[in-house]
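Presented below is the structure to which this report refers.
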Amino acid sequence: KGILLLARRSASGYGQESPKHGAQDASMVLHRQSLPTTRVPLLFALSMARPAVRRQRLVSAAMAAPAREGYASPFLSGKGNDDFVVRNDRNDVRVLQCPTPPVLRQGIAETAGLPHICVAGESNAGKSSLINHLLKKKLAKASSVAGKTRSVDLMLVNERLVLADLPGLPSRDHQVERLWRSTWEPLVASYVRQCEPLRAMLYAHDIRWKVTPLVRSFLQDVQASGLPVVLVLTKDDRIADEADDRPSEARRRLKLTQAVRRSLDFRGLHFHYSTESSLPSSRRGRRQLLSLIEDLIGEPGGREECRRLLEARAAKKQGRAEQD
């Protein structure tokens, strides 16, 4: 009944719209395959894309699940591993790569029944490593080369959450600034503006880096659109490598954190994060961030309720810090 159109990959590696069928019939291309244009039964296409970690440009009908009523966070209810939205292992993840606005609109429409959380950050700030660490899978393209993520990648996690990996902002060497301005920034803006199930943004920032004007402007625009932002200060373990002892490590962490927050004029909730799983702080950071994601997607009223939740958490955290 359903028919999926598989189009030949373009020279740049992105899916192209079929000129015969137009924007509404935009197709996605299976990753790392060069296929002639052909029509195949939808169920057969889905069976080909069954492996959980296979990156794919594939949009299927009825992939979105209905929103659940009366949701309660398993972090608070003491349920087992299979009841978590993101598990400690065996996460089933399918990736929908959306490199163009028509494909992005199609991806948003087909995942509209699931809550979305997006992840943004500068190139090489640890955004992809953060996603891989949260999901315990190597899905996002972590690399020292800027611009590895060239599309809005919608990751369907256990058919219960969409974790969106956004293209990285240009880093300090300005390698991909032209691409960001011309292609990626409008694509990210379209996603933030059009995706109604989007609850919040996790913004990954290397705690050692100064804030650039581009980052400051980007986050101001995101927050002005009504989307709540959670600041994730990545590569926290590097502070210990640069400090002589624990007291100096704590002082440097506090100094860097205050500098980032002050430069961004950020009054929201922040987390320190390390992807070095051997460290207790890394495991604790993952638990805390996943618990927050559970609470965010459990809010029934959308962005406004999520914003209030984050403001309350930030005020509580600030109160504890002042007492200490």
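Just remember, in the structure tokens the first chain shown is A, the second B, etc., residues are 1-based per chain, and ligands are 1-based in the order shown.
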
Per-residue nearest contacts stretch 109-133 of chain A to stretch 151-172 of chain A, cut-off 9 Å, using only C-alpha atoms, as JSON lines:
```
{"residue": "A:Thr111", "atom": "CA", "partner": "A:Val162", "partner_atom": "CA", "distance": 7.6}
{"residue": "A:Leu114", "atom": "CA", "partner": "A:Leu161", "partner_atom": "CA", "distance": 5.7}
{"residue": "A:Pro115", "atom": "CA", "partner": "A:Leu161", "partner_atom": "CA", "distance": 5.5}
{"residue": "A:His116", "atom": "CA", "partner": "A:Val162", "partner_atom": "CA", "distance": 4.7}
{"residue": "A:Ile117", "atom": "CA", "partner": "A:Leu163", "partner_atom": "CA", "distance": 5.1}
{"residue": "A:Cys118", "atom": "CA", "partner": "A:Ala164", "partner_atom": "CA", "distance": 4.4}
{"residue": "A:Val119", "atom": "CA", "partner": "A:Asp165", "partner_atom": "CA", "distance": 5.3}
{"residue": "A:Ala120", "atom": "CA", "partner": "A:Leu166", "partner_atom": "CA", "distance": 5.4}
{"residue": "A:Gly121", "atom": "CA", "partner": "A:Gly168", "partner_atom": "CA", "distance": 5.5}
{"residue": "A:Glu122", "atom": "CA", "partner": "A:Leu169", "partner_atom": "CA", "distance": 4.3}
{"residue": "A:Ser123", "atom": "CA", "partner": "A:Gly168", "partner_atom": "CA", "distance": 4.8}
{"residue": "A:Asn124", "atom": "CA", "partner": "A:Ser171", "partner_atom": "CA", "distance": 7.3}
{"residue": "A:Ala125", "atom": "CA", "partner": "A:Ser171", "partner_atom": "CA", "distance": 8.5}
{"residue": "A:Lys127", "atom": "CA", "partner": "A:Gly168", "partner_atom": "CA", "distance": 8.0}
{"residue": "A:Ser128", "atom": "CA", "partner": "A:Asp165", "partner_atom": "CA", "distance": 7.7}
{"residue": "A:Ile131", "atom": "CA", "partner": "A:Asp165", "partner_atom": "CA", "distance": 7.9}
```

>> Can you pull out the residues contacting A:Arg313? Cut-off 10 Å, using only C-alpha atoms, and skip same-chain residues under 3 positions away; I want them as a ChimeraX atom specification.
In response: /A:268-270,292,307-310,316-319

Store the residues of this selection in a file with N, CA and C atoms, as a short mmCIF file (atom, residue, chain, number, x, y, z; two decimals), in the first residue's frame.
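The resulting file, again-v6.cif, is shown below:
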```cif
data_model
loop_
_atom_site.label_atom_id
_atom_site.label_comp_id
_atom_site.auth_asym_id
_atom_site.auth_seq_id
_atom_site.Cartn_x
_atom_site.Cartn_y
_atom_site.Cartn_z
N GLY A 268 19.51 30.30 33.26
CA GLY A 268 18.81 29.03 33.29
C GLY A 268 19.61 27.92 33.97
N LEU A 269 19.20 26.68 33.68
CA LEU A 269 19.80 25.50 34.30
C LEU A 269 21.01 25.04 33.50
N HIS A 270 22.09 24.71 34.20
CA HIS A 270 23.27 24.19 33.51
C HIS A 270 23.73 22.88 34.19
N LEU A 292 16.35 14.63 33.70
CA LEU A 292 15.74 15.88 33.26
C LEU A 292 14.97 15.69 31.96
N ARG A 307 9.55 25.39 30.18
CA ARG A 307 10.29 26.58 30.61
C ARG A 307 10.10 26.83 32.10
N ARG A 308 8.87 26.68 32.58
CA ARG A 308 8.62 26.88 34.01
C ARG A 308 9.33 25.83 34.86
N LEU A 309 9.34 24.60 34.37
CA LEU A 309 10.04 23.54 35.08
C LEU A 309 11.52 23.85 35.21
N LEU A 310 12.14 24.29 34.11
CA LEU A 310 13.57 24.59 34.13
C LEU A 310 13.87 25.81 35.00
N LYS A 316 16.13 26.57 42.32
CA LYS A 316 16.45 25.65 43.41
C LYS A 316 17.96 25.40 43.48
N LYS A 317 18.58 25.18 42.32
CA LYS A 317 20.02 24.94 42.27
C LYS A 317 20.79 26.17 42.73
N GLN A 318 20.31 27.37 42.34
CA GLN A 318 20.98 28.60 42.75
C GLN A 318 20.87 28.79 44.26
N GLY A 319 19.71 28.43 44.83
CA GLY A 319 19.53 28.54 46.28
C GLY A 319 20.48 27.64 47.04
#
```

>> Could you pull out the helix (DSSP H, G or I) residues of stretch 93-214 of chain A, going by DSSP on the backbone, and write them as a PyMOL selection string?
In response: chain A and resi 101-110+127-135+177-194+213-214

Next, write the just-selected residues to a file, as a JSON list (two decimals), in the first residue's frame, keeping N, CA and C atoms as the atom set.
```
[["chain", "number", "residue", "atom", "x", "y", "z"],
["A", 101, "PRO", "N", 14.91, 21.57, 3.59],
["A", 101, "PRO", "CA", 13.63, 21.94, 4.21],
["A", 101, "PRO", "C", 12.46, 21.03, 3.86],
["A", 102, "PRO", "N", 12.27, 20.59, 2.60],
["A", 102, "PRO", "CA", 11.14, 19.69, 2.32],
["A", 102, "PRO", "C", 11.25, 18.36, 3.07],
["A", 103, "VAL", "N", 12.45, 17.79, 3.12],
["A", 103, "VAL", "CA", 12.65, 16.53, 3.83],
["A", 103, "VAL", "C", 12.46, 16.74, 5.32],
["A", 104, "LEU", "N", 12.91, 17.88, 5.83],
["A", 104, "LEU", "CA", 12.73, 18.19, 7.25],
["A", 104, "LEU", "C", 11.26, 18.29, 7.60],
["A", 105, "ARG", "N", 10.47, 18.97, 6.76],
["A", 105, "ARG", "CA", 9.03, 19.07, 7.02],
["A", 105, "ARG", "C", 8.39, 17.69, 7.05],
["A", 106, "GLN", "N", 8.82, 16.82, 6.14],
["A", 106, "GLN", "CA", 8.28, 15.46, 6.11],
["A", 106, "GLN", "C", 8.67, 14.69, 7.36],
["A", 107, "GLY", "N", 9.93, 14.84, 7.80],
["A", 107, "GLY", "CA", 10.37, 14.16, 9.01],
["A", 107, "GLY", "C", 9.64, 14.64, 10.24],
["A", 108, "ILE", "N", 9.42, 15.96, 10.35],
["A", 108, "ILE", "CA", 8.68, 16.51, 11.49],
["A", 108, "ILE", "C", 7.26, 15.97, 11.50],
["A", 109, "ALA", "N", 6.63, 15.93, 10.32],
["A", 109, "ALA", "CA", 5.25, 15.46, 10.24],
["A", 109, "ALA", "C", 5.12, 14.01, 10.67],
["A", 110, "GLU", "N", 6.10, 13.19, 10.30],
["A", 110, "GLU", "CA", 5.99, 11.77, 10.59],
["A", 110, "GLU", "C", 6.43, 11.40, 12.00],
["A", 127, "LYS", "N", 29.36, 17.95, 21.12],
["A", 127, "LYS", "CA", 27.93, 17.70, 20.91],
["A", 127, "LYS", "C", 27.65, 16.25, 20.52],
["A", 128, "SER", "N", 28.37, 15.75, 19.53],
["A", 128, "SER", "CA", 28.14, 14.38, 19.06],
["A", 128, "SER", "C", 28.54, 13.36, 20.12],
["A", 129, "SER", "N", 29.64, 13.63, 20.83],
["A", 129, "SER", "CA", 30.06, 12.73, 21.90],
["A", 129, "SER", "C", 29.02, 12.69, 23.01],
["A", 130, "LEU", "N", 28.40, 13.82, 23.29],
["A", 130, "LEU", "CA", 27.33, 13.87, 24.29],
["A", 130, "LEU", "C", 26.17, 12.98, 23.89],
["A", 131, "ILE", "N", 25.74, 13.05, 22.64],
["A", 131, "ILE", "CA", 24.62, 12.23, 22.17],
["A", 131, "ILE", "C", 24.99, 10.75, 22.25],
["A", 132, "ASN", "N", 26.17, 10.40, 21.77],
["A", 132, "ASN", "CA", 26.59, 9.00, 21.80],
["A", 132, "ASN", "C", 26.68, 8.48, 23.24],
["A", 133, "HIS", "N", 27.12, 9.31, 24.16],
["A", 133, "HIS", "CA", 27.25, 8.90, 25.56],
["A", 133, "HIS", "C", 25.88, 8.70, 26.19],
["A", 134, "LEU", "N", 24.93, 9.59, 25.87],
["A", 134, "LEU", "CA", 23.58, 9.45, 26.42],
["A", 134, "LEU", "C", 22.91, 8.18, 25.93],
["A", 135, "LEU", "N", 23.07, 7.88, 24.64],
["A", 135, "LEU", "CA", 22.39, 6.73, 24.05],
["A", 135, "LEU", "C", 23.18, 5.44, 24.15],
["A", 177, "GLU", "N", 31.74, 28.52, 8.27],
["A", 177, "GLU", "CA", 30.88, 29.68, 8.52],
["A", 177, "GLU", "C", 29.97, 29.98, 7.33],
["A", 178, "ARG", "N", 30.49, 29.85, 6.13],
["A", 178, "ARG", "CA", 29.66, 30.12, 4.95],
["A", 178, "ARG", "C", 28.53, 29.11, 4.83],
["A", 179, "LEU", "N", 28.82, 27.84, 5.06],
["A", 179, "LEU", "CA", 27.78, 26.82, 5.03],
["A", 179, "LEU", "C", 26.74, 27.06, 6.12],
["A", 180, "TRP", "N", 27.20, 27.47, 7.29],
["A", 180, "TRP", "CA", 26.27, 27.74, 8.39],
["A", 180, "TRP", "C", 25.30, 28.85, 8.01],
["A", 181, "ARG", "N", 25.84, 29.95, 7.50],
["A", 181, "ARG", "CA", 25.01, 31.10, 7.17],
["A", 181, "ARG", "C", 24.03, 30.80, 6.05],
["A", 182, "SER", "N", 24.51, 30.09, 5.03],
["A", 182, "SER", "CA", 23.69, 29.90, 3.83],
["A", 182, "SER", "C", 22.71, 28.73, 3.94],
["A", 183, "THR", "N", 23.08, 27.67, 4.66],
["A", 183, "THR", "CA", 22.29, 26.44, 4.63],
["A", 183, "THR", "C", 21.86, 25.96, 6.00],
["A", 184, "TRP", "N", 22.80, 25.80, 6.90],
["A", 184, "TRP", "CA", 22.48, 25.12, 8.16],
["A", 184, "TRP", "C", 21.69, 25.98, 9.12],
["A", 185, "GLU", "N", 22.03, 27.27, 9.23],
["A", 185, "GLU", "CA", 21.30, 28.13, 10.15],
["A", 185, "GLU", "C", 19.82, 28.24, 9.76],
["A", 186, "PRO", "N", 19.48, 28.46, 8.48],
["A", 186, "PRO", "CA", 18.06, 28.46, 8.11],
["A", 186, "PRO", "C", 17.36, 27.13, 8.37],
["A", 187, "LEU", "N", 18.11, 26.03, 8.20],
["A", 187, "LEU", "CA", 17.52, 24.71, 8.45],
["A", 187, "LEU", "C", 17.22, 24.53, 9.93],
["A", 188, "VAL", "N", 18.16, 24.93, 10.79],
["A", 188, "VAL", "CA", 17.95, 24.84, 12.24],
["A", 188, "VAL", "C", 16.80, 25.74, 12.67],
["A", 189, "ALA", "N", 16.75, 26.96, 12.12],
["A", 189, "ALA", "CA", 15.68, 27.89, 12.46],
["A", 189, "ALA", "C", 14.32, 27.33, 12.05],
["A", 190, "SER", "N", 14.26, 26.67, 10.90],
["A", 190, "SER", "CA", 13.00, 26.06, 10.46],
["A", 190, "SER", "C", 12.56, 24.95, 11.41],
["A", 191, "TYR", "N", 13.52, 24.16, 11.85],
["A", 191, "TYR", "CA", 13.18, 23.07, 12.78],
["A", 191, "TYR", "C", 12.65, 23.63, 14.09],
["A", 192, "VAL", "N", 13.34, 24.61, 14.66],
["A", 192, "VAL", "CA", 12.91, 25.20, 15.94],
["A", 192, "VAL", "C", 11.54, 25.84, 15.80],
["A", 193, "ARG", "N", 11.30, 26.49, 14.68],
["A", 193, "ARG", "CA", 10.05, 27.21, 14.48],
["A", 193, "ARG", "C", 8.87, 26.27, 14.16],
["A", 194, "GLN", "N", 9.13, 25.22, 13.38],
["A", 194, "GLN", "CA", 8.04, 24.40, 12.85],
["A", 194, "GLN", "C", 7.71, 23.18, 13.70],
["A", 213, "PRO", "N", 30.55, 35.87, 19.81],
["A", 213, "PRO", "CA", 29.33, 36.64, 19.50],
["A", 213, "PRO", "C", 28.29, 35.82, 18.74],
["A", 214, "LEU", "N", 28.75, 34.91, 17.87],
["A", 214, "LEU", "CA", 27.82, 34.08, 17.11],
["A", 214, "LEU", "C", 27.01, 33.18, 18.04]]
```

> If we count only C-alpha atoms, what is near stretch 230-241 of chain A at a cut-off of 10 Å, once residues fewer than 4 positions away on the same chain are taken out, given as a ChimeraX atom specification?
Replying inline: /A:119-121,125-127,129-130,200-209,245-246,248-250,252-253,256-257,260-261,266-276,279,281-282,285,289,292,307,310,314

>> I'd like the interatomic distance between atom CA of A:Ile297 and atom CA of A:Arg199, to a tenth of an Å.
In response: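 One can read the atom CA of A:Ile297 to atom CA of A:Arg199 distance as 6.9 Å.
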
> Just asking: which residues within stretch 191-224 of chain A are strand (DSSP E or B) according to DSSP, as a ChimeraX atom specification?
Replying inline: /A:198-206
